[in-house]
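Visitor: Sharing my_file.pdb (PDB, C-alpha atoms) below.
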```pdb
MODEL        1
ATOM      1  CA  MET A   1      -7.870 -22.066   4.420  1.00  0.00           C
ATOM      2  CA  THR A   2      -6.328 -22.758   7.815  1.00  0.00           C
ATOM      3  CA  GLU A   3      -2.951 -23.989   9.017  1.00  0.00           C
ATOM      4  CA  ARG A   4      -4.441 -27.427   9.637  1.00  0.00           C
ATOM      5  CA  PRO A   5      -4.740 -30.091   6.933  1.00  0.00           C
ATOM      6  CA  ARG A   6      -8.314 -30.263   5.713  1.00  0.00           C
ATOM      7  CA  ALA A   7     -10.137 -32.867   3.645  1.00  0.00           C
ATOM      8  CA  ILE A   8     -12.184 -31.428   0.822  1.00  0.00           C
ATOM      9  CA  ASP A   9     -15.174 -32.745  -1.050  1.00  0.00           C
ATOM     10  CA  ALA A  10     -14.404 -34.595  -4.253  1.00  0.00           C
ATOM     11  CA  PRO A  11     -16.574 -36.342  -6.818  1.00  0.00           C
ATOM     12  CA  PRO A  12     -17.204 -40.008  -5.984  1.00  0.00           C
ATOM     13  CA  SER A  13     -14.562 -42.146  -7.618  1.00  0.00           C
ATOM     14  CA  GLY A  14     -14.100 -45.837  -8.105  1.00  0.00           C
ATOM     15  CA  SER A  15     -10.365 -45.854  -8.705  1.00  0.00           C
ATOM     16  CA  TYR A  16      -7.090 -44.612  -7.244  1.00  0.00           C
ATOM     17  CA  GLU A  17      -5.995 -43.288 -10.643  1.00  0.00           C
ATOM     18  CA  GLU A  18      -9.084 -41.099 -10.967  1.00  0.00           C
ATOM     19  CA  MET A  19      -8.557 -39.622  -7.517  1.00  0.00           C
ATOM     20  CA  LEU A  20      -4.876 -39.059  -8.256  1.00  0.00           C
ATOM     21  CA  GLN A  21      -5.774 -37.198 -11.456  1.00  0.00           C
ATOM     22  CA  ILE A  22      -8.102 -34.907  -9.495  1.00  0.00           C
ATOM     23  CA  VAL A  23      -5.293 -34.122  -7.034  1.00  0.00           C
ATOM     24  CA  GLU A  24      -2.859 -33.374  -9.864  1.00  0.00           C
ATOM     25  CA  GLU A  25      -5.251 -31.010 -11.609  1.00  0.00           C
ATOM     26  CA  MET A  26      -6.327 -29.079  -8.512  1.00  0.00           C
ATOM     27  CA  ASP A  27      -5.666 -25.356  -8.437  1.00  0.00           C
ATOM     28  CA  THR A  28      -4.580 -25.070  -4.804  1.00  0.00           C
ATOM     29  CA  PRO A  29      -4.009 -21.685  -3.127  1.00  0.00           C
ATOM     30  CA  VAL A  30      -0.457 -20.373  -3.088  1.00  0.00           C
ATOM     31  CA  GLY A  31       1.419 -21.960  -0.202  1.00  0.00           C
ATOM     32  CA  TYR A  32      -0.769 -25.064  -0.044  1.00  0.00           C
ATOM     33  CA  ARG A  33      -0.442 -28.583  -1.401  1.00  0.00           C
ATOM     34  CA  ALA A  34      -2.951 -31.287  -2.190  1.00  0.00           C
ATOM     35  CA  GLU A  35      -2.301 -34.888  -1.238  1.00  0.00           C
ATOM     36  CA  LEU A  36      -4.283 -38.116  -1.311  1.00  0.00           C
ATOM     37  CA  ILE A  37      -4.585 -39.426   2.247  1.00  0.00           C
ATOM     38  CA  ARG A  38      -6.853 -42.253   3.447  1.00  0.00           C
ATOM     39  CA  GLY A  39      -8.803 -42.123   0.205  1.00  0.00           C
ATOM     40  CA  LYS A  40      -9.531 -38.396   0.637  1.00  0.00           C
ATOM     41  CA  ILE A  41      -8.038 -35.293  -0.957  1.00  0.00           C
ATOM     42  CA  VAL A  42      -6.323 -33.332   1.807  1.00  0.00           C
ATOM     43  CA  VAL A  43      -5.136 -29.748   1.357  1.00  0.00           C
ATOM     44  CA  SER A  44      -2.506 -28.540   3.819  1.00  0.00           C
ATOM     45  CA  PRO A  45       0.014 -25.690   4.050  1.00  0.00           C
ATOM     46  CA  TRP A  46       3.647 -25.988   3.086  1.00  0.00           C
ATOM     47  CA  SER A  47       6.163 -25.471   5.879  1.00  0.00           C
ATOM     48  CA  ARG A  48       6.208 -22.244   7.872  1.00  0.00           C
ATOM     49  CA  LEU A  49       8.702 -19.494   7.094  1.00  0.00           C
ATOM     50  CA  ARG A  50      10.716 -20.220  10.235  1.00  0.00           C
ATOM     51  CA  TYR A  51      11.329 -23.732   8.948  1.00  0.00           C
ATOM     52  CA  LEU A  52      13.377 -22.500   5.990  1.00  0.00           C
ATOM     53  CA  ARG A  53      16.705 -22.437   7.843  1.00  0.00           C
ATOM     54  CA  PRO A  54      16.482 -25.951   9.341  1.00  0.00           C
ATOM     55  CA  THR A  55      15.231 -27.295   6.009  1.00  0.00           C
ATOM     56  CA  ARG A  56      18.212 -25.793   4.183  1.00  0.00           C
ATOM     57  CA  LYS A  57      20.625 -27.148   6.804  1.00  0.00           C
ATOM     58  CA  LEU A  58      19.068 -30.587   6.512  1.00  0.00           C
ATOM     59  CA  ARG A  59      19.113 -30.526   2.732  1.00  0.00           C
ATOM     60  CA  ALA A  60      22.789 -29.532   2.539  1.00  0.00           C
ATOM     61  CA  GLN A  61      23.881 -32.405   4.762  1.00  0.00           C
ATOM     62  CA  VAL A  62      21.683 -35.045   3.158  1.00  0.00           C
ATOM     63  CA  GLU A  63      22.575 -33.947  -0.370  1.00  0.00           C
ATOM     64  CA  ALA A  64      26.298 -34.329   0.372  1.00  0.00           C
ATOM     65  CA  HIS A  65      25.740 -38.035   1.121  1.00  0.00           C
ATOM     66  CA  ALA A  66      23.026 -38.903  -1.391  1.00  0.00           C
ATOM     67  CA  PRO A  67      23.659 -41.867  -3.719  1.00  0.00           C
ATOM     68  CA  ASP A  68      24.978 -41.120  -7.196  1.00  0.00           C
ATOM     69  CA  GLY A  69      22.202 -40.352  -9.653  1.00  0.00           C
ATOM     70  CA  TYR A  70      19.817 -39.163  -6.922  1.00  0.00           C
ATOM     71  CA  VAL A  71      18.491 -35.626  -6.413  1.00  0.00           C
ATOM     72  CA  THR A  72      17.745 -33.929  -3.102  1.00  0.00           C
ATOM     73  CA  GLU A  73      14.836 -31.513  -3.378  1.00  0.00           C
ATOM     74  CA  THR A  74      12.227 -29.527  -1.502  1.00  0.00           C
ATOM     75  CA  SER A  75      10.187 -28.830  -4.631  1.00  0.00           C
ATOM     76  CA  PRO A  76       6.444 -29.558  -4.452  1.00  0.00           C
ATOM     77  CA  PHE A  77       6.422 -32.869  -6.304  1.00  0.00           C
ATOM     78  CA  LEU A  78       3.844 -35.570  -5.675  1.00  0.00           C
ATOM     79  CA  PHE A  79       4.843 -39.215  -5.199  1.00  0.00           C
ATOM     80  CA  SER A  80       2.299 -41.975  -5.713  1.00  0.00           C
ATOM     81  CA  PHE A  81       1.941 -45.001  -3.439  1.00  0.00           C
ATOM     82  CA  PRO A  82      -0.622 -47.045  -5.371  1.00  0.00           C
ATOM     83  CA  ASP A  83      -0.443 -50.073  -3.065  1.00  0.00           C
ATOM     84  CA  SER A  84      -1.447 -47.819  -0.158  1.00  0.00           C
ATOM     85  CA  GLY A  85      -3.828 -45.649  -2.158  1.00  0.00           C
ATOM     86  CA  ARG A  86      -1.843 -42.550  -1.213  1.00  0.00           C
ATOM     87  CA  ALA A  87      -0.073 -39.659  -2.952  1.00  0.00           C
ATOM     88  CA  CYS A  88       2.257 -37.544  -0.818  1.00  0.00           C
ATOM     89  CA  GLY A  89       4.384 -34.444  -1.274  1.00  0.00           C
ATOM     90  CA  PRO A  90       7.233 -34.621   1.300  1.00  0.00           C
ATOM     91  CA  ASP A  91       8.832 -31.482   2.723  1.00  0.00           C
ATOM     92  CA  LEU A  92      12.187 -32.869   1.519  1.00  0.00           C
ATOM     93  CA  PHE A  93      13.034 -35.933  -0.522  1.00  0.00           C
ATOM     94  CA  VAL A  94      15.896 -37.812  -2.148  1.00  0.00           C
ATOM     95  CA  ALA A  95      14.890 -39.674  -5.299  1.00  0.00           C
ATOM     96  CA  ASP A  96      16.331 -41.337  -8.377  1.00  0.00           C
ATOM     97  CA  GLU A  97      16.752 -38.609 -10.962  1.00  0.00           C
ATOM     98  CA  SER A  98      15.478 -40.883 -13.731  1.00  0.00           C
ATOM     99  CA  ALA A  99      11.998 -40.801 -12.151  1.00  0.00           C
ATOM    100  CA  PHE A 100      11.606 -37.220 -13.381  1.00  0.00           C
ATOM    101  CA  GLU A 101      12.121 -38.113 -17.024  1.00  0.00           C
ATOM    102  CA  ALA A 102       8.621 -39.561 -17.218  1.00  0.00           C
ATOM    103  CA  ALA A 103       5.586 -37.671 -18.467  1.00  0.00           C
ATOM    104  CA  GLY A 104       2.923 -36.597 -16.019  1.00  0.00           C
ATOM    105  CA  ARG A 105       2.816 -34.745 -12.742  1.00  0.00           C
ATOM    106  CA  HIS A 106       3.669 -37.418 -10.201  1.00  0.00           C
ATOM    107  CA  ALA A 107       6.583 -39.770  -9.657  1.00  0.00           C
ATOM    108  CA  ASP A 108       6.533 -43.354  -8.462  1.00  0.00           C
ATOM    109  CA  ALA A 109       7.386 -43.667  -4.772  1.00  0.00           C
ATOM    110  CA  SER A 110       9.752 -46.547  -5.536  1.00  0.00           C
ATOM    111  CA  ALA A 111      12.242 -43.882  -6.705  1.00  0.00           C
ATOM    112  CA  LEU A 112      12.567 -42.499  -3.165  1.00  0.00           C
ATOM    113  CA  SER A 113      15.497 -43.312  -0.899  1.00  0.00           C
ATOM    114  CA  LEU A 114      14.685 -40.759   1.843  1.00  0.00           C
ATOM    115  CA  VAL A 115      11.841 -38.462   2.834  1.00  0.00           C
ATOM    116  CA  ALA A 116      11.711 -35.833   5.576  1.00  0.00           C
ATOM    117  CA  GLU A 117       8.782 -34.048   7.167  1.00  0.00           C
ATOM    118  CA  LEU A 118       9.021 -31.049   9.503  1.00  0.00           C
ATOM    119  CA  THR A 119       5.982 -31.529  11.665  1.00  0.00           C
ATOM    120  CA  SER A 120       4.148 -29.255  14.066  1.00  0.00           C
ATOM    121  CA  ASP A 121       0.893 -29.522  16.002  1.00  0.00           C
ATOM    122  CA  SER A 122      -1.105 -28.790  12.869  1.00  0.00           C
ATOM    123  CA  THR A 123       0.357 -31.653  10.788  1.00  0.00           C
ATOM    124  CA  LYS A 124       1.574 -34.183  13.361  1.00  0.00           C
ATOM    125  CA  ASP A 125      -1.355 -36.597  13.029  1.00  0.00           C
ATOM    126  CA  VAL A 126      -0.789 -37.064   9.297  1.00  0.00           C
ATOM    127  CA  ASP A 127       3.020 -37.152   9.582  1.00  0.00           C
ATOM    128  CA  TRP A 128       3.140 -39.499  12.578  1.00  0.00           C
ATOM    129  CA  LEU A 129       0.359 -41.861  11.596  1.00  0.00           C
ATOM    130  CA  ASP A 130      -0.655 -42.002   7.960  1.00  0.00           C
ATOM    131  CA  LYS A 131       2.592 -40.919   6.332  1.00  0.00           C
ATOM    132  CA  MET A 132       4.712 -43.015   8.673  1.00  0.00           C
ATOM    133  CA  ALA A 133       2.673 -46.102   7.756  1.00  0.00           C
ATOM    134  CA  THR A 134       2.798 -45.244   4.047  1.00  0.00           C
ATOM    135  CA  TYR A 135       6.509 -44.421   3.875  1.00  0.00           C
ATOM    136  CA  GLY A 136       7.295 -47.352   6.162  1.00  0.00           C
ATOM    137  CA  GLN A 137       6.370 -49.892   3.516  1.00  0.00           C
ATOM    138  CA  ILE A 138       8.735 -48.700   0.796  1.00  0.00           C
ATOM    139  CA  VAL A 139      10.950 -45.663   1.594  1.00  0.00           C
ATOM    140  CA  PRO A 140      14.373 -46.709   3.029  1.00  0.00           C
ATOM    141  CA  VAL A 141      14.746 -43.734   5.415  1.00  0.00           C
ATOM    142  CA  TYR A 142      12.179 -41.407   6.985  1.00  0.00           C
ATOM    143  CA  LEU A 143      13.293 -38.345   8.950  1.00  0.00           C
ATOM    144  CA  LEU A 144      10.565 -36.832  11.101  1.00  0.00           C
ATOM    145  CA  LEU A 145      11.597 -33.525  12.660  1.00  0.00           C
ATOM    146  CA  ASP A 146       9.248 -32.635  15.492  1.00  0.00           C
ATOM    147  CA  MET A 147       9.594 -28.855  15.571  1.00  0.00           C
ATOM    148  CA  ARG A 148       7.440 -28.445  18.688  1.00  0.00           C
ATOM    149  CA  LEU A 149       9.326 -31.000  20.811  1.00  0.00           C
ATOM    150  CA  GLY A 150      12.702 -30.131  19.293  1.00  0.00           C
ATOM    151  CA  GLU A 151      13.744 -33.636  18.300  1.00  0.00           C
ATOM    152  CA  ILE A 152      14.427 -35.739  15.236  1.00  0.00           C
ATOM    153  CA  ASN A 153      13.133 -39.255  14.671  1.00  0.00           C
ATOM    154  CA  VAL A 154      15.013 -41.493  12.245  1.00  0.00           C
ATOM    155  CA  LEU A 155      13.144 -44.518  10.904  1.00  0.00           C
ATOM    156  CA  TRP A 156      14.527 -47.157   8.549  1.00  0.00           C
ATOM    157  CA  GLU A 157      14.213 -50.767   7.391  1.00  0.00           C
ATOM    158  CA  PRO A 158      10.788 -50.576   5.717  1.00  0.00           C
ATOM    159  CA  SER A 159       8.555 -53.649   5.689  1.00  0.00           C
ATOM    160  CA  PRO A 160       4.928 -54.516   4.854  1.00  0.00           C
ATOM    161  CA  LYS A 161       4.132 -53.722   8.502  1.00  0.00           C
ATOM    162  CA  GLY A 162       6.110 -50.479   8.623  1.00  0.00           C
ATOM    163  CA  TYR A 163       9.559 -49.470   9.782  1.00  0.00           C
ATOM    164  CA  ARG A 164      11.457 -52.050  11.813  1.00  0.00           C
ATOM    165  CA  SER A 165      14.034 -49.652  13.293  1.00  0.00           C
ATOM    166  CA  ARG A 166      13.771 -46.239  14.888  1.00  0.00           C
ATOM    167  CA  THR A 167      15.802 -43.831  16.984  1.00  0.00           C
ATOM    168  CA  ASN A 168      15.324 -40.273  18.143  1.00  0.00           C
ATOM    169  CA  VAL A 169      17.492 -37.562  19.652  1.00  0.00           C
ATOM    170  CA  PRO A 170      16.876 -33.978  20.765  1.00  0.00           C
ATOM    171  CA  PHE A 171      18.064 -31.203  18.495  1.00  0.00           C
ATOM    172  CA  GLY A 172      21.669 -30.416  19.304  1.00  0.00           C
ATOM    173  CA  ARG A 173      22.870 -34.016  19.360  1.00  0.00           C
ATOM    174  CA  PRO A 174      24.209 -35.844  16.288  1.00  0.00           C
ATOM    175  CA  VAL A 175      22.273 -38.799  14.941  1.00  0.00           C
ATOM    176  CA  ARG A 176      23.310 -41.553  12.568  1.00  0.00           C
ATOM    177  CA  ILE A 177      21.521 -41.663   9.219  1.00  0.00           C
ATOM    178  CA  PRO A 178      21.564 -45.252   7.931  1.00  0.00           C
ATOM    179  CA  GLY A 179      22.369 -46.526   4.445  1.00  0.00           C
ATOM    180  CA  PRO A 180      22.409 -45.725   1.673  1.00  0.00           C
ATOM    181  CA  PHE A 181      23.565 -42.447   3.308  1.00  0.00           C
ATOM    182  CA  ASP A 182      25.681 -43.569   6.293  1.00  0.00           C
ATOM    183  CA  PHE A 183      26.672 -40.330   7.990  1.00  0.00           C
ATOM    184  CA  GLU A 184      26.314 -38.422  11.239  1.00  0.00           C
ATOM    185  CA  LEU A 185      23.669 -35.699  10.926  1.00  0.00           C
ATOM    186  CA  ASP A 186      24.383 -32.478  12.810  1.00  0.00           C
ATOM    187  CA  THR A 187      21.076 -31.294  14.316  1.00  0.00           C
ATOM    188  CA  SER A 188      22.457 -28.293  16.195  1.00  0.00           C
ATOM    189  CA  GLU A 189      20.792 -25.720  13.915  1.00  0.00           C
ATOM    190  CA  PHE A 190      17.354 -27.286  13.571  1.00  0.00           C
ATOM    191  CA  ALA A 191      15.673 -25.717  16.595  1.00  0.00           C
ATOM    192  CA  VAL A 192      13.159 -22.910  16.092  1.00  0.00           C
ATOM    193  CA  GLU A 193      10.928 -21.016  18.485  1.00  0.00           C
ATOM    194  CA  GLU A 194       7.482 -22.431  17.875  1.00  0.00           C
ATOM    195  CA  TYR A 195       4.532 -20.032  17.888  1.00  0.00           C
ATOM    196  CA  VAL A 196       1.385 -21.597  19.255  1.00  0.00           C
ATOM    197  CA  ASN A 197      -1.907 -20.215  17.976  1.00  0.00           C
ATOM    198  CA  PRO A 198      -4.276 -19.779  20.966  1.00  0.00           C
ATOM    199  CA  GLU A 199      -7.118 -21.155  18.822  1.00  0.00           C
ATOM    200  CA  ASP A 200      -5.108 -24.346  18.223  1.00  0.00           C
ATOM    201  CA  GLU A 201      -4.650 -24.864  21.969  1.00  0.00           C
ATOM    202  CA  GLN A 202      -8.410 -24.815  22.447  1.00  0.00           C
ATOM    203  CA  ARG A 203      -8.997 -27.507  19.830  1.00  0.00           C
TER     204      ARG A 203
ENDMDL
END
```
Can you turn what I pasted into structure tokens?

Guide:
Amino acid sequence: MTERPRAIDAPPSGSYEEMLQIVEEMDTPVGYRAELIRGKIVVSPWSRLRYLRPTRKLRAQVEAHAPDGYVTETSPFLFSFPDSGRACGPDLFVADESAFEAAGRHADASALSLVAELTSDSTKDVDWLDKMATYGQIVPVYLLLDMRLGEINVLWEPSPKGYRSRTNVPFGRPVRIPGPFDFELDTSEFAVEEYVNPEDEQR
């Protein structure tokens, strides 16, 4: 396994549900997650160790303003987007607690009110392109923390064509998180020193 997301071979399948079941039943290596992206099973690493502090800072602030009855988590849960043929496991999410009373191993994405991804060079293509398009159809707020550039992108107002509104600020400046949260997010402790693998630079 590498630090880059990698598609793996899977048996031919004629349905989203069959592919989703394969993802759910996969025995992934410790520290990795399996998602369903662009009709393929993609295995990628969970966030780096140095991302723990900014993730905890983000979670504490978001959780304090989450709607009643919603949970804020970083646990490796899978959310299904059947209309897009995707299944994603966000780095952080806020979701209706009732969604976790159901049987099975994945929750419906309609339960989400916010997702956050901490992206780096190894995951930026998926986070910026595929996940942004997928989240942008249904999830009210998407926070994309670009750990290499040191900035946060806030996207909201989902639509069939993706998010209608977006803003970004460098780490260190406050940014407004829209409803249903409605608060100023302090980004002053999100910055980390990014290590660049020489092999990645040659790719």

Visitor: Go through the shown structure with the PyMOL selection byres ((chain A and resi 165) around 12) and write out the matching residues as a VMD selection string.

Guide: chain A and resid 136 140 to 142 153 to 159 161 to 164 166 to 168 177 to 178

Visitor: Separation of CA of Ser80 in chain A and CA of Asp108 in chain A, in Å?

Guide: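 Between CA of Ser80 in chain A and CA of Asp108 in chain A the gap is 5.2 Å.
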
Visitor: Might you spell out which residues the PyMOL selection byres ((chain A and resi 60-74) around 8) would select in the displayed file, as number ranges by chain?

Guide: A: 56-59, 75-76, 90-98, 180-183, 185

Visitor: To one decimal place, how far is CA of Met132 in chain A from CA of Leu144 in chain A in Å?

Guide: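 About the pair CA of Met132 in chain A and CA of Leu144 in chain A: they are 8.9 Å apart.
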
Visitor: Given the choices A:Ser188, A:Thr134, A:Thr119, A:Ser15, which gets closest to Phe79 in chain A if the distance is worked out from all atoms listed in the file?

Guide: A:Thr134

Visitor: Between A:Val175, A:Val126, A:Val139, A:Ala99, which one has atoms that come closest to Leu114 in chain A, using only C-alpha atoms?

Guide: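 Among the listed residues, the smallest separation from Leu114 in chain A belongs to A:Val139.
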
Visitor: Report, in Å to a single decimal, how far apart CA of Leu129 in chain A and CA of Leu149 in chain A are.

Guide: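 The value is 16.8 Å.
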
Visitor: Determine, counting only C-alpha atoms, every residue of protein, DNA or RNA that lies within 8 Å of (2.6, -40.1, 3.8) in the file coordinates, then give the result as a list in words.

Guide: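 Applying the cut-off with only C-alpha atoms, one gets Ile37, Arg86, Ala87, Cys88, Gly89, Pro90, Val126, Asp127, Asp130, Lys131, Met132, Ala133, Thr134 and Tyr135 of chain A.
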
Visitor: Mind giving me the axis-aligned box for range 130-139 of chain A with 5 Å on every side, centre plus edges in Å to one decimal, as lines of an AutoDock Vina configuration file?

Guide:
```
center_x = 5.1
center_y = -45.4
center_z = 4.7
size_x = 21.6
size_y = 19.0
size_z = 17.9
```

Visitor: Which one of A:Ser113, A:Leu78, A:Gly85, A:Pro54 sits closest to Asp146 in chain A if you count only C-alpha atoms?

Guide: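 Among the listed residues, A:Pro54 lies closest to Asp146 in chain A.
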
Visitor: The PyMOL selection byres ((chain A and resi 169) around 6) on the file shown: which residues, as a list in words?

Guide: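 Output of the PyMOL selection byres ((chain A and resi 169) around 6): Glu151, Ile152, Asn168 and Pro170 of chain A.
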
Visitor: For each of A:Leu143, A:Leu52, A:Phe100, A:Arg176, take the minimum atom-to-atom distance to Val115 in chain A, counting all atoms listed in the file, then give the residue where this is smallest.

Guide: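 Closest to Val115 in chain A of all the choices is A:Leu143.
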